[in-house]
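This is input34.cif. It holds mmCIF, N, CA and C atoms.
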```cif
data_my_file
loop_
_atom_site.label_atom_id
_atom_site.label_comp_id
_atom_site.auth_asym_id
_atom_site.auth_seq_id
_atom_site.Cartn_x
_atom_site.Cartn_y
_atom_site.Cartn_z
N MET A 1 -2.97 25.57 -11.86
CA MET A 1 -2.04 24.46 -11.81
C MET A 1 -2.84 23.16 -11.74
N LYS A 2 -2.59 22.30 -12.70
CA LYS A 2 -3.30 21.03 -12.77
C LYS A 2 -2.41 19.92 -12.21
N LEU A 3 -2.97 19.16 -11.30
CA LEU A 3 -2.22 18.04 -10.71
C LEU A 3 -2.52 16.76 -11.48
N ASP A 4 -1.47 16.04 -11.84
CA ASP A 4 -1.69 14.74 -12.46
C ASP A 4 -1.69 13.67 -11.37
N LYS A 5 -1.81 12.41 -11.77
CA LYS A 5 -1.91 11.30 -10.80
C LYS A 5 -0.68 11.21 -9.92
N THR A 6 0.48 11.40 -10.50
CA THR A 6 1.71 11.33 -9.72
C THR A 6 1.75 12.43 -8.67
N ASP A 7 1.35 13.64 -9.07
CA ASP A 7 1.33 14.76 -8.12
C ASP A 7 0.40 14.47 -6.94
N VAL A 8 -0.76 13.92 -7.24
CA VAL A 8 -1.73 13.61 -6.17
C VAL A 8 -1.16 12.54 -5.24
N LEU A 9 -0.53 11.51 -5.81
CA LEU A 9 0.05 10.46 -4.97
C LEU A 9 1.20 10.99 -4.11
N VAL A 10 2.02 11.86 -4.67
CA VAL A 10 3.09 12.47 -3.88
C VAL A 10 2.51 13.32 -2.77
N LEU A 11 1.43 14.03 -3.05
CA LEU A 11 0.76 14.81 -2.03
C LEU A 11 0.21 13.92 -0.91
N VAL A 12 -0.41 12.80 -1.28
CA VAL A 12 -0.92 11.85 -0.28
C VAL A 12 0.22 11.31 0.58
N ILE A 13 1.33 10.96 -0.07
CA ILE A 13 2.49 10.45 0.67
C ILE A 13 3.04 11.52 1.61
N GLY A 14 3.09 12.75 1.14
CA GLY A 14 3.56 13.84 2.00
C GLY A 14 2.66 14.07 3.19
N ILE A 15 1.36 14.06 2.97
CA ILE A 15 0.40 14.26 4.07
C ILE A 15 0.48 13.09 5.06
N ALA A 16 0.57 11.86 4.55
CA ALA A 16 0.70 10.70 5.43
C ALA A 16 1.99 10.76 6.24
N SER A 17 3.06 11.19 5.60
CA SER A 17 4.34 11.32 6.31
C SER A 17 4.28 12.41 7.37
N LEU A 18 3.64 13.51 7.05
CA LEU A 18 3.46 14.58 8.03
C LEU A 18 2.61 14.09 9.20
N GLY A 19 1.54 13.35 8.89
CA GLY A 19 0.71 12.79 9.95
C GLY A 19 1.48 11.83 10.83
N THR A 20 2.37 11.04 10.21
CA THR A 20 3.20 10.13 10.98
C THR A 20 4.17 10.89 11.88
N ALA A 21 4.77 11.94 11.35
CA ALA A 21 5.69 12.75 12.16
C ALA A 21 4.95 13.41 13.33
N LEU A 22 3.79 13.99 13.05
CA LEU A 22 3.02 14.61 14.13
C LEU A 22 2.53 13.58 15.14
N GLY A 23 2.13 12.42 14.65
CA GLY A 23 1.72 11.35 15.54
C GLY A 23 2.86 10.89 16.43
N SER A 24 4.05 10.86 15.91
CA SER A 24 5.22 10.49 16.70
C SER A 24 5.54 11.55 17.75
N ILE A 25 5.47 12.80 17.34
CA ILE A 25 5.79 13.90 18.26
C ILE A 25 4.77 14.00 19.38
N PHE A 26 3.49 13.88 19.04
CA PHE A 26 2.43 14.09 20.04
C PHE A 26 1.86 12.77 20.59
N ASP A 27 2.54 11.67 20.35
CA ASP A 27 2.16 10.37 20.87
C ASP A 27 0.72 9.99 20.49
N ILE A 28 0.42 10.11 19.21
CA ILE A 28 -0.87 9.69 18.66
C ILE A 28 -0.57 8.47 17.80
N TRP A 29 -0.64 7.29 18.42
CA TRP A 29 -0.18 6.08 17.74
C TRP A 29 -1.03 5.71 16.54
N HIS A 30 -2.30 6.09 16.54
CA HIS A 30 -3.16 5.78 15.39
C HIS A 30 -2.65 6.45 14.10
N ALA A 31 -2.11 7.65 14.24
CA ALA A 31 -1.60 8.37 13.07
C ALA A 31 -0.39 7.66 12.47
N VAL A 32 0.41 7.05 13.30
CA VAL A 32 1.58 6.31 12.82
C VAL A 32 1.14 4.94 12.30
N TYR A 33 0.29 4.28 13.04
CA TYR A 33 -0.15 2.92 12.73
C TYR A 33 -0.91 2.84 11.41
N TYR A 34 -1.89 3.71 11.22
CA TYR A 34 -2.70 3.64 10.01
C TYR A 34 -2.06 4.33 8.81
N ALA A 35 -0.93 4.98 9.01
CA ALA A 35 -0.20 5.52 7.86
C ALA A 35 0.42 4.39 7.04
N ILE A 36 0.67 3.25 7.66
CA ILE A 36 1.30 2.13 6.95
C ILE A 36 0.42 1.63 5.81
N PRO A 37 -0.87 1.28 6.05
CA PRO A 37 -1.69 0.86 4.90
C PRO A 37 -1.90 1.99 3.88
N LEU A 38 -2.00 3.22 4.34
CA LEU A 38 -2.19 4.36 3.44
C LEU A 38 -0.96 4.54 2.54
N LEU A 39 0.22 4.49 3.13
CA LEU A 39 1.44 4.60 2.33
C LEU A 39 1.60 3.41 1.39
N THR A 40 1.17 2.24 1.84
CA THR A 40 1.26 1.05 0.99
C THR A 40 0.43 1.23 -0.27
N VAL A 41 -0.81 1.67 -0.13
CA VAL A 41 -1.66 1.84 -1.31
C VAL A 41 -1.11 2.96 -2.20
N ALA A 42 -0.62 4.04 -1.62
CA ALA A 42 -0.09 5.14 -2.42
C ALA A 42 1.14 4.71 -3.22
N PHE A 43 2.06 3.99 -2.55
CA PHE A 43 3.26 3.54 -3.26
C PHE A 43 2.94 2.48 -4.30
N MET A 44 1.99 1.60 -4.01
CA MET A 44 1.62 0.59 -5.00
C MET A 44 0.96 1.24 -6.21
N LEU A 45 0.11 2.22 -5.98
CA LEU A 45 -0.51 2.93 -7.11
C LEU A 45 0.53 3.69 -7.93
N MET A 46 1.49 4.28 -7.24
CA MET A 46 2.54 5.00 -7.95
C MET A 46 3.37 4.02 -8.79
N GLY A 47 3.65 2.88 -8.23
CA GLY A 47 4.42 1.88 -8.95
C GLY A 47 3.68 1.26 -10.12
N ALA A 48 2.36 1.38 -10.12
CA ALA A 48 1.55 0.79 -11.19
C ALA A 48 1.28 1.75 -12.35
N LEU A 49 1.71 3.00 -12.23
CA LEU A 49 1.54 3.96 -13.33
C LEU A 49 2.50 3.61 -14.47
N ASN A 50 1.98 3.63 -15.68
CA ASN A 50 2.87 3.40 -16.82
C ASN A 50 3.48 4.73 -17.26
N LEU A 51 4.24 4.70 -18.33
CA LEU A 51 4.91 5.92 -18.80
C LEU A 51 3.94 7.02 -19.20
N ALA A 52 2.75 6.64 -19.62
CA ALA A 52 1.75 7.63 -20.02
C ALA A 52 0.96 8.16 -18.82
N GLY A 53 1.27 7.66 -17.62
CA GLY A 53 0.55 8.11 -16.42
C GLY A 53 -0.82 7.48 -16.28
N ALA A 54 -0.98 6.26 -16.79
CA ALA A 54 -2.27 5.58 -16.73
C ALA A 54 -2.17 4.30 -15.91
N TRP A 55 -3.33 3.87 -15.42
CA TRP A 55 -3.44 2.61 -14.68
C TRP A 55 -4.28 1.65 -15.50
N HIS A 56 -4.06 0.38 -15.28
CA HIS A 56 -4.86 -0.67 -15.90
C HIS A 56 -5.91 -1.09 -14.88
N ARG A 57 -7.16 -1.17 -15.29
CA ARG A 57 -8.26 -1.45 -14.36
C ARG A 57 -8.07 -2.75 -13.59
N ALA A 58 -7.63 -3.81 -14.25
CA ALA A 58 -7.43 -5.09 -13.56
C ALA A 58 -6.36 -4.97 -12.48
N ASN A 59 -5.32 -4.19 -12.75
CA ASN A 59 -4.27 -4.00 -11.75
C ASN A 59 -4.76 -3.15 -10.58
N LEU A 60 -5.61 -2.17 -10.85
CA LEU A 60 -6.19 -1.40 -9.77
C LEU A 60 -7.03 -2.29 -8.86
N THR A 61 -7.75 -3.23 -9.46
CA THR A 61 -8.54 -4.18 -8.67
C THR A 61 -7.63 -5.04 -7.80
N LEU A 62 -6.55 -5.54 -8.38
CA LEU A 62 -5.61 -6.37 -7.64
C LEU A 62 -4.98 -5.60 -6.48
N ILE A 63 -4.55 -4.38 -6.74
CA ILE A 63 -3.97 -3.54 -5.68
C ILE A 63 -5.02 -3.22 -4.64
N GLY A 64 -6.24 -2.94 -5.06
CA GLY A 64 -7.33 -2.64 -4.12
C GLY A 64 -7.64 -3.82 -3.21
N VAL A 65 -7.67 -5.01 -3.76
CA VAL A 65 -7.92 -6.21 -2.94
C VAL A 65 -6.79 -6.41 -1.94
N PHE A 66 -5.55 -6.28 -2.40
CA PHE A 66 -4.40 -6.44 -1.51
C PHE A 66 -4.45 -5.42 -0.37
N CYS A 67 -4.65 -4.16 -0.71
CA CYS A 67 -4.64 -3.10 0.31
C CYS A 67 -5.85 -3.17 1.22
N THR A 68 -6.98 -3.63 0.72
CA THR A 68 -8.15 -3.83 1.58
C THR A 68 -7.89 -4.94 2.59
N ALA A 69 -7.28 -6.03 2.14
CA ALA A 69 -6.93 -7.12 3.06
C ALA A 69 -5.93 -6.64 4.10
N LEU A 70 -4.93 -5.88 3.67
CA LEU A 70 -3.94 -5.36 4.60
C LEU A 70 -4.58 -4.44 5.64
N THR A 71 -5.42 -3.53 5.20
CA THR A 71 -6.10 -2.62 6.12
C THR A 71 -7.01 -3.37 7.07
N ALA A 72 -7.73 -4.37 6.57
CA ALA A 72 -8.60 -5.18 7.43
C ALA A 72 -7.80 -5.90 8.50
N LEU A 73 -6.63 -6.39 8.15
CA LEU A 73 -5.78 -7.04 9.15
C LEU A 73 -5.26 -6.04 10.18
N PHE A 74 -4.93 -4.84 9.75
CA PHE A 74 -4.51 -3.80 10.70
C PHE A 74 -5.65 -3.48 11.67
N VAL A 75 -6.86 -3.35 11.15
CA VAL A 75 -8.02 -3.07 12.01
C VAL A 75 -8.25 -4.24 12.96
N ALA A 76 -8.16 -5.47 12.46
CA ALA A 76 -8.34 -6.65 13.31
C ALA A 76 -7.30 -6.69 14.42
N ALA A 77 -6.07 -6.34 14.10
CA ALA A 77 -5.02 -6.32 15.12
C ALA A 77 -5.32 -5.26 16.18
N GLN A 78 -5.80 -4.11 15.75
CA GLN A 78 -6.12 -3.07 16.73
C GLN A 78 -7.30 -3.49 17.61
N VAL A 79 -8.32 -4.08 17.01
CA VAL A 79 -9.51 -4.50 17.76
C VAL A 79 -9.14 -5.54 18.82
N THR A 80 -8.20 -6.41 18.49
CA THR A 80 -7.83 -7.48 19.43
C THR A 80 -6.65 -7.11 20.31
N LEU A 81 -6.23 -5.85 20.27
CA LEU A 81 -5.05 -5.41 21.00
C LEU A 81 -5.11 -5.73 22.49
N ASN A 82 -6.20 -5.47 23.14
CA ASN A 82 -6.32 -5.70 24.58
C ASN A 82 -7.30 -6.83 24.90
N SER A 83 -7.45 -7.76 23.98
CA SER A 83 -8.45 -8.82 24.18
C SER A 83 -8.01 -9.88 25.17
N GLY A 84 -6.72 -10.07 25.31
CA GLY A 84 -6.25 -11.12 26.21
C GLY A 84 -6.26 -12.50 25.59
N GLY A 85 -6.76 -12.61 24.35
CA GLY A 85 -6.81 -13.90 23.68
C GLY A 85 -5.45 -14.30 23.13
N MET A 86 -5.33 -15.57 22.84
CA MET A 86 -4.08 -16.12 22.29
C MET A 86 -4.37 -16.79 20.96
N LEU A 87 -3.42 -16.73 20.06
CA LEU A 87 -3.53 -17.38 18.77
C LEU A 87 -2.14 -17.89 18.39
N GLY A 88 -2.00 -19.17 18.24
CA GLY A 88 -0.70 -19.75 17.89
C GLY A 88 0.39 -19.47 18.90
N GLY A 89 0.02 -19.37 20.17
CA GLY A 89 0.99 -19.13 21.22
C GLY A 89 1.38 -17.68 21.41
N LEU A 90 0.74 -16.78 20.69
CA LEU A 90 1.02 -15.35 20.81
C LEU A 90 -0.27 -14.60 21.15
N PRO A 91 -0.15 -13.42 21.76
CA PRO A 91 -1.35 -12.59 21.90
C PRO A 91 -1.95 -12.36 20.51
N THR A 92 -3.27 -12.29 20.44
CA THR A 92 -3.95 -12.26 19.15
C THR A 92 -3.46 -11.15 18.23
N ALA A 93 -3.30 -9.94 18.74
CA ALA A 93 -2.85 -8.82 17.90
C ALA A 93 -1.46 -9.10 17.33
N THR A 94 -0.59 -9.63 18.16
CA THR A 94 0.77 -9.97 17.70
C THR A 94 0.72 -11.08 16.68
N ALA A 95 -0.13 -12.08 16.93
CA ALA A 95 -0.26 -13.21 16.00
C ALA A 95 -0.76 -12.75 14.63
N ILE A 96 -1.65 -11.77 14.61
CA ILE A 96 -2.14 -11.25 13.34
C ILE A 96 -0.98 -10.66 12.54
N PHE A 97 -0.10 -9.94 13.22
CA PHE A 97 1.06 -9.39 12.53
C PHE A 97 2.04 -10.47 12.09
N VAL A 98 2.34 -11.40 12.98
CA VAL A 98 3.35 -12.42 12.68
C VAL A 98 2.85 -13.44 11.66
N TYR A 99 1.63 -13.91 11.84
CA TYR A 99 1.13 -15.01 11.01
C TYR A 99 0.34 -14.56 9.78
N MET A 100 -0.11 -13.31 9.75
CA MET A 100 -0.93 -12.87 8.62
C MET A 100 -0.34 -11.66 7.88
N ILE A 101 -0.07 -10.57 8.60
CA ILE A 101 0.39 -9.35 7.94
C ILE A 101 1.80 -9.53 7.38
N TRP A 102 2.69 -10.11 8.17
CA TRP A 102 4.06 -10.29 7.69
C TRP A 102 4.12 -11.15 6.43
N PRO A 103 3.49 -12.33 6.39
CA PRO A 103 3.53 -13.11 5.14
C PRO A 103 2.83 -12.40 3.98
N LEU A 104 1.72 -11.71 4.27
CA LEU A 104 1.02 -11.00 3.20
C LEU A 104 1.91 -9.95 2.56
N THR A 105 2.63 -9.19 3.39
CA THR A 105 3.48 -8.14 2.84
C THR A 105 4.79 -8.67 2.28
N ALA A 106 5.33 -9.73 2.88
CA ALA A 106 6.61 -10.27 2.42
C ALA A 106 6.47 -11.06 1.12
N VAL A 107 5.35 -11.76 0.97
CA VAL A 107 5.14 -12.60 -0.21
C VAL A 107 4.11 -11.98 -1.16
N GLY A 108 3.01 -11.50 -0.61
CA GLY A 108 1.91 -11.00 -1.42
C GLY A 108 2.23 -9.73 -2.19
N ALA A 109 2.86 -8.76 -1.53
CA ALA A 109 3.15 -7.49 -2.21
C ALA A 109 4.08 -7.66 -3.41
N PRO A 110 5.17 -8.42 -3.28
CA PRO A 110 6.00 -8.62 -4.48
C PRO A 110 5.26 -9.36 -5.60
N LEU A 111 4.39 -10.28 -5.24
CA LEU A 111 3.61 -10.98 -6.25
C LEU A 111 2.63 -10.04 -6.96
N VAL A 112 2.03 -9.14 -6.20
CA VAL A 112 1.13 -8.14 -6.80
C VAL A 112 1.92 -7.27 -7.77
N TYR A 113 3.08 -6.79 -7.33
CA TYR A 113 3.86 -5.93 -8.21
C TYR A 113 4.35 -6.70 -9.44
N ALA A 114 4.73 -7.96 -9.27
CA ALA A 114 5.16 -8.77 -10.42
C ALA A 114 4.03 -8.91 -11.43
N ALA A 115 2.81 -9.12 -10.93
CA ALA A 115 1.65 -9.24 -11.83
C ALA A 115 1.40 -7.92 -12.54
N VAL A 116 1.51 -6.81 -11.82
CA VAL A 116 1.32 -5.49 -12.43
C VAL A 116 2.39 -5.25 -13.50
N HIS A 117 3.60 -5.58 -13.18
CA HIS A 117 4.70 -5.38 -14.13
C HIS A 117 4.51 -6.25 -15.37
N GLN A 118 4.20 -7.50 -15.16
CA GLN A 118 4.06 -8.43 -16.28
C GLN A 118 2.89 -8.05 -17.18
N SER A 119 1.77 -7.66 -16.59
CA SER A 119 0.58 -7.42 -17.39
C SER A 119 0.48 -6.00 -17.95
N TRP A 120 1.19 -5.05 -17.36
CA TRP A 120 0.95 -3.66 -17.73
C TRP A 120 2.24 -2.89 -17.99
N LEU A 121 3.16 -2.91 -17.05
CA LEU A 121 4.34 -2.07 -17.16
C LEU A 121 5.36 -2.60 -18.17
N MET A 122 5.36 -3.89 -18.39
CA MET A 122 6.30 -4.49 -19.34
C MET A 122 6.08 -3.94 -20.75
N LYS A 123 4.86 -3.53 -21.03
CA LYS A 123 4.54 -2.98 -22.36
C LYS A 123 5.33 -1.70 -22.63
N ASP A 124 5.62 -0.93 -21.58
CA ASP A 124 6.43 0.29 -21.76
C ASP A 124 7.84 -0.05 -22.21
N LEU A 125 8.34 -1.20 -21.79
CA LEU A 125 9.70 -1.59 -22.15
C LEU A 125 9.79 -2.23 -23.53
N THR A 126 8.71 -2.87 -23.95
CA THR A 126 8.74 -3.60 -25.21
C THR A 126 8.08 -2.86 -26.37
N ASP A 127 7.27 -1.83 -26.07
CA ASP A 127 6.55 -1.10 -27.10
C ASP A 127 7.39 0.09 -27.56
N ASP A 128 7.73 0.12 -28.84
CA ASP A 128 8.54 1.21 -29.39
C ASP A 128 7.78 2.53 -29.46
N THR A 129 6.44 2.45 -29.42
CA THR A 129 5.64 3.67 -29.52
C THR A 129 5.18 4.16 -28.16
N ALA A 130 5.74 3.61 -27.08
CA ALA A 130 5.34 4.01 -25.73
C ALA A 130 5.64 5.50 -25.52
N VAL A 131 4.77 6.13 -24.78
CA VAL A 131 4.93 7.56 -24.48
C VAL A 131 6.06 7.71 -23.48
N VAL A 132 7.02 8.56 -23.79
CA VAL A 132 8.12 8.81 -22.89
C VAL A 132 7.81 10.09 -22.12
N ALA A 133 7.82 9.98 -20.79
CA ALA A 133 7.52 11.14 -19.96
C ALA A 133 8.66 12.14 -20.06
N ALA A 134 8.30 13.40 -20.21
CA ALA A 134 9.32 14.44 -20.34
C ALA A 134 9.69 14.99 -18.99
#
```
What does this structure look like when you write it as C-alpha coordinates?
Amino acid sequence: MKLDKTDVLVLVIGIASLGTALGSIFDIWHAVYYAIPLLTVAFMLMGALNLAGAWHRANLTLIGVFCTALTALFVAAQVTLNSGGMLGGLPTATAIFVYMIWPLTAVGAPLVYAAVHQSWLMKDLTDDTAVVAA
(Lines of atoms letter the chains of each structure in order from A and count residues from 1; the text may use other names and numbers.)
(Lines give C-alpha, C1' and ligand atoms only; values in the text may rest on other atoms or scores of the structure.)
Protein backbone atom coordinates (compact mmCIF):
# COMPACT_ATOMS: atom_id res chain seq x y z
CA MET A 1 0.00 0.00 0.00
CA LYS A 2 1.50 3.28 -1.13
CA LEU A 3 0.64 6.44 0.77
CA ASP A 4 0.35 9.67 -1.15
CA LYS A 5 0.82 13.17 0.34
CA THR A 6 -2.80 13.45 1.42
CA ASP A 7 -2.66 10.09 3.19
CA VAL A 8 0.48 11.12 5.08
CA LEU A 9 -1.07 14.44 6.11
CA VAL A 10 -4.25 12.72 7.30
CA LEU A 11 -2.08 10.30 9.28
CA VAL A 12 -0.20 13.23 10.87
CA ILE A 13 -3.49 14.92 11.75
CA GLY A 14 -4.80 11.67 13.24
CA ILE A 15 -1.68 11.14 15.34
CA ALA A 16 -1.72 14.78 16.52
CA SER A 17 -5.40 14.46 17.42
CA LEU A 18 -4.75 11.24 19.30
CA GLY A 19 -1.87 12.92 21.13
CA THR A 20 -4.16 15.80 22.02
CA ALA A 21 -6.83 13.43 23.33
CA LEU A 22 -4.30 11.48 25.39
CA GLY A 23 -2.77 14.71 26.65
CA SER A 24 -6.19 15.88 27.75
CA ILE A 25 -7.00 12.60 29.48
CA PHE A 26 -3.66 12.26 31.27
CA ASP A 27 -3.12 15.99 31.92
CA ILE A 28 -0.06 16.34 29.68
CA TRP A 29 -0.48 19.93 28.58
CA HIS A 30 2.50 19.90 26.22
CA ALA A 31 0.75 17.31 24.03
CA VAL A 32 -2.26 19.59 23.67
CA TYR A 33 -0.30 22.83 23.42
CA TYR A 34 2.19 21.79 20.74
CA ALA A 35 -0.45 19.99 18.69
CA ILE A 36 -1.70 23.43 17.61
CA PRO A 37 1.37 24.37 15.49
CA LEU A 38 1.61 20.79 14.21
CA LEU A 39 -2.02 20.74 13.11
CA THR A 40 -1.59 24.20 11.60
CA VAL A 41 1.26 23.09 9.34
CA ALA A 42 -0.54 19.86 8.39
CA PHE A 43 -3.77 21.65 7.48
CA MET A 44 -1.93 24.39 5.59
CA LEU A 45 0.02 21.80 3.60
CA MET A 46 -3.17 19.91 2.86
CA GLY A 47 -4.83 23.10 1.70
CA ALA A 48 -1.89 23.87 -0.59
CA LEU A 49 -2.11 20.61 -2.56
CA ASN A 50 -3.40 21.08 -6.08
CA LEU A 51 -5.62 18.62 -7.93
CA ALA A 52 -2.59 16.63 -9.06
CA GLY A 53 -1.43 16.25 -5.44
CA ALA A 54 1.57 18.55 -5.87
CA TRP A 55 2.95 21.52 -3.97
CA HIS A 56 4.60 24.63 -5.35
CA ARG A 57 8.06 25.23 -3.85
CA ALA A 58 7.49 28.97 -3.23
CA ASN A 59 4.26 28.19 -1.38
CA LEU A 60 6.00 25.57 0.74
CA THR A 61 8.53 28.22 1.70
CA LEU A 62 5.77 30.67 2.62
CA ILE A 63 3.94 28.07 4.71
CA GLY A 64 7.23 27.01 6.32
CA VAL A 65 8.08 30.58 7.32
CA PHE A 66 4.59 31.13 8.73
CA CYS A 67 4.59 27.88 10.71
CA THR A 68 8.15 28.42 11.96
CA ALA A 69 7.17 31.86 13.26
CA LEU A 70 4.06 30.39 14.89
CA THR A 71 6.02 27.59 16.54
CA ALA A 72 8.70 30.03 17.73
CA LEU A 73 6.03 32.17 19.35
CA PHE A 74 4.53 29.11 21.05
CA VAL A 75 7.98 28.20 22.40
CA ALA A 76 8.56 31.80 23.53
CA ALA A 77 5.23 31.81 25.35
CA GLN A 78 6.10 28.57 27.12
CA VAL A 79 9.58 29.81 28.08
CA THR A 80 8.12 32.98 29.59
CA LEU A 81 5.20 31.19 31.27
CA ASN A 82 6.50 31.58 34.82
CA SER A 83 8.84 34.50 34.27
CA GLY A 84 6.81 37.06 36.19
CA GLY A 85 7.57 39.66 33.51
CA MET A 86 5.00 41.99 32.02
CA LEU A 87 4.54 43.12 28.43
CA GLY A 88 1.89 45.63 27.43
CA GLY A 89 0.16 45.31 30.79
CA LEU A 90 -0.14 41.52 30.57
CA PRO A 91 2.02 38.66 31.80
CA THR A 92 4.60 38.00 29.07
CA ALA A 93 3.25 34.60 27.99
CA THR A 94 -0.28 35.98 27.73
CA ALA A 95 0.98 39.06 25.87
CA ILE A 96 2.70 36.84 23.31
CA PHE A 97 -0.62 35.17 22.60
CA VAL A 98 -2.69 38.36 22.59
CA TYR A 99 -0.29 40.69 20.79
CA MET A 100 1.60 38.30 18.52
CA ILE A 101 0.03 34.85 18.01
CA TRP A 102 -3.56 36.04 17.71
CA PRO A 103 -2.84 38.68 15.02
CA LEU A 104 -0.48 36.30 13.20
CA THR A 105 -3.14 33.61 12.97
CA ALA A 106 -6.11 35.93 12.44
CA VAL A 107 -4.48 38.02 9.70
CA GLY A 108 -1.38 36.13 8.58
CA ALA A 109 -2.87 32.68 7.97
CA PRO A 110 -5.63 33.90 5.63
CA LEU A 111 -3.09 35.99 3.75
CA VAL A 112 -0.82 32.96 3.35
CA TYR A 113 -3.70 30.88 2.05
CA ALA A 114 -4.80 33.69 -0.30
CA ALA A 115 -1.27 33.84 -1.72
CA VAL A 116 -1.21 30.05 -2.14
CA HIS A 117 -4.59 30.09 -3.84
CA GLN A 118 -3.74 32.97 -6.14
CA SER A 119 -0.34 31.67 -7.19
CA TRP A 120 -0.98 27.93 -7.34
CA LEU A 121 -4.48 26.62 -6.70
CA MET A 122 -6.26 29.06 -9.00
CA LYS A 123 -4.62 27.28 -11.94
CA ASP A 124 -6.73 24.19 -11.18
CA LEU A 125 -9.86 26.27 -11.66
CA THR A 126 -8.77 28.05 -14.82
CA ASP A 127 -6.77 25.31 -16.58
CA ASP A 128 -8.93 23.04 -18.75
CA THR A 129 -6.20 20.37 -18.75
CA ALA A 130 -5.92 20.20 -14.95
CA VAL A 131 -5.77 16.70 -13.53
CA VAL A 132 -9.04 15.76 -11.88
CA ALA A 133 -8.60 13.55 -8.83
CA ALA A 134 -10.63 10.37 -9.04
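As for atom N of A:Leu90 and atom N of A:Trp102, they are spaced 14.3 Å apart.
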In Å, how far is it from atom CA of A:Phe66 to atom C of A:Ser24? 28.2 Å
Apply DSSP to the backbone of this structure and, from chain A, keep only the residues in helix (DSSP H, G or I); write these as an MDAnalysis selection string. chainID A and resid 5:25 29:33 35:47 57:79 92:126
So the first atom is atom N of A:Ala35 and the second is atom CA of A:Leu70; what is the distance between them in Å, to one decimal place? 11.6 Å
I need the residues in stretch 9-131 of chain A that are strand (DSSP E or B) according to DSSP; give them as a ChimeraX atom specification. /A:86-87,90-91
Once the PyMOL selection byres ((chain A and resi 93) around 8) has been evaluated on this model, what residues remain selected, and can you format them as number ranges by chain? A: 76-87, 90-92, 94-99
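Checking A:Leu18, A:Leu45, A:Leu62, A:Ile36 one by one against A:Lys5, counting all atoms listed in the file, you find the shortest gap at A:Leu45.
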Listed atoms of stretch 36-51 of chain A boxed along x, y and z, 6 Å each side, centre and edge lengths in Å, one decimal, as AutoDock Vina command-line options:
```
--center_x 1.4 --center_y 3.8 --center_z -5.8 --size_x 19.1 --size_y 18.4 --size_z 38.9
```
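Shortest separation to A:Thr105 among A:Gly23, A:Tyr33, A:Leu73, A:Ala58 occurs at residue A:Leu73, atoms counted being only C-alpha atoms.
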Using only C-alpha atoms, determine which residues lie at most 12 Å from A:Trp55, disregarding the query and same-chain residues fewer than 4 positions distant; provide the list as a PyMOL selection string. chain A and resi 5-6+44-51+59-63+116-117+119-121
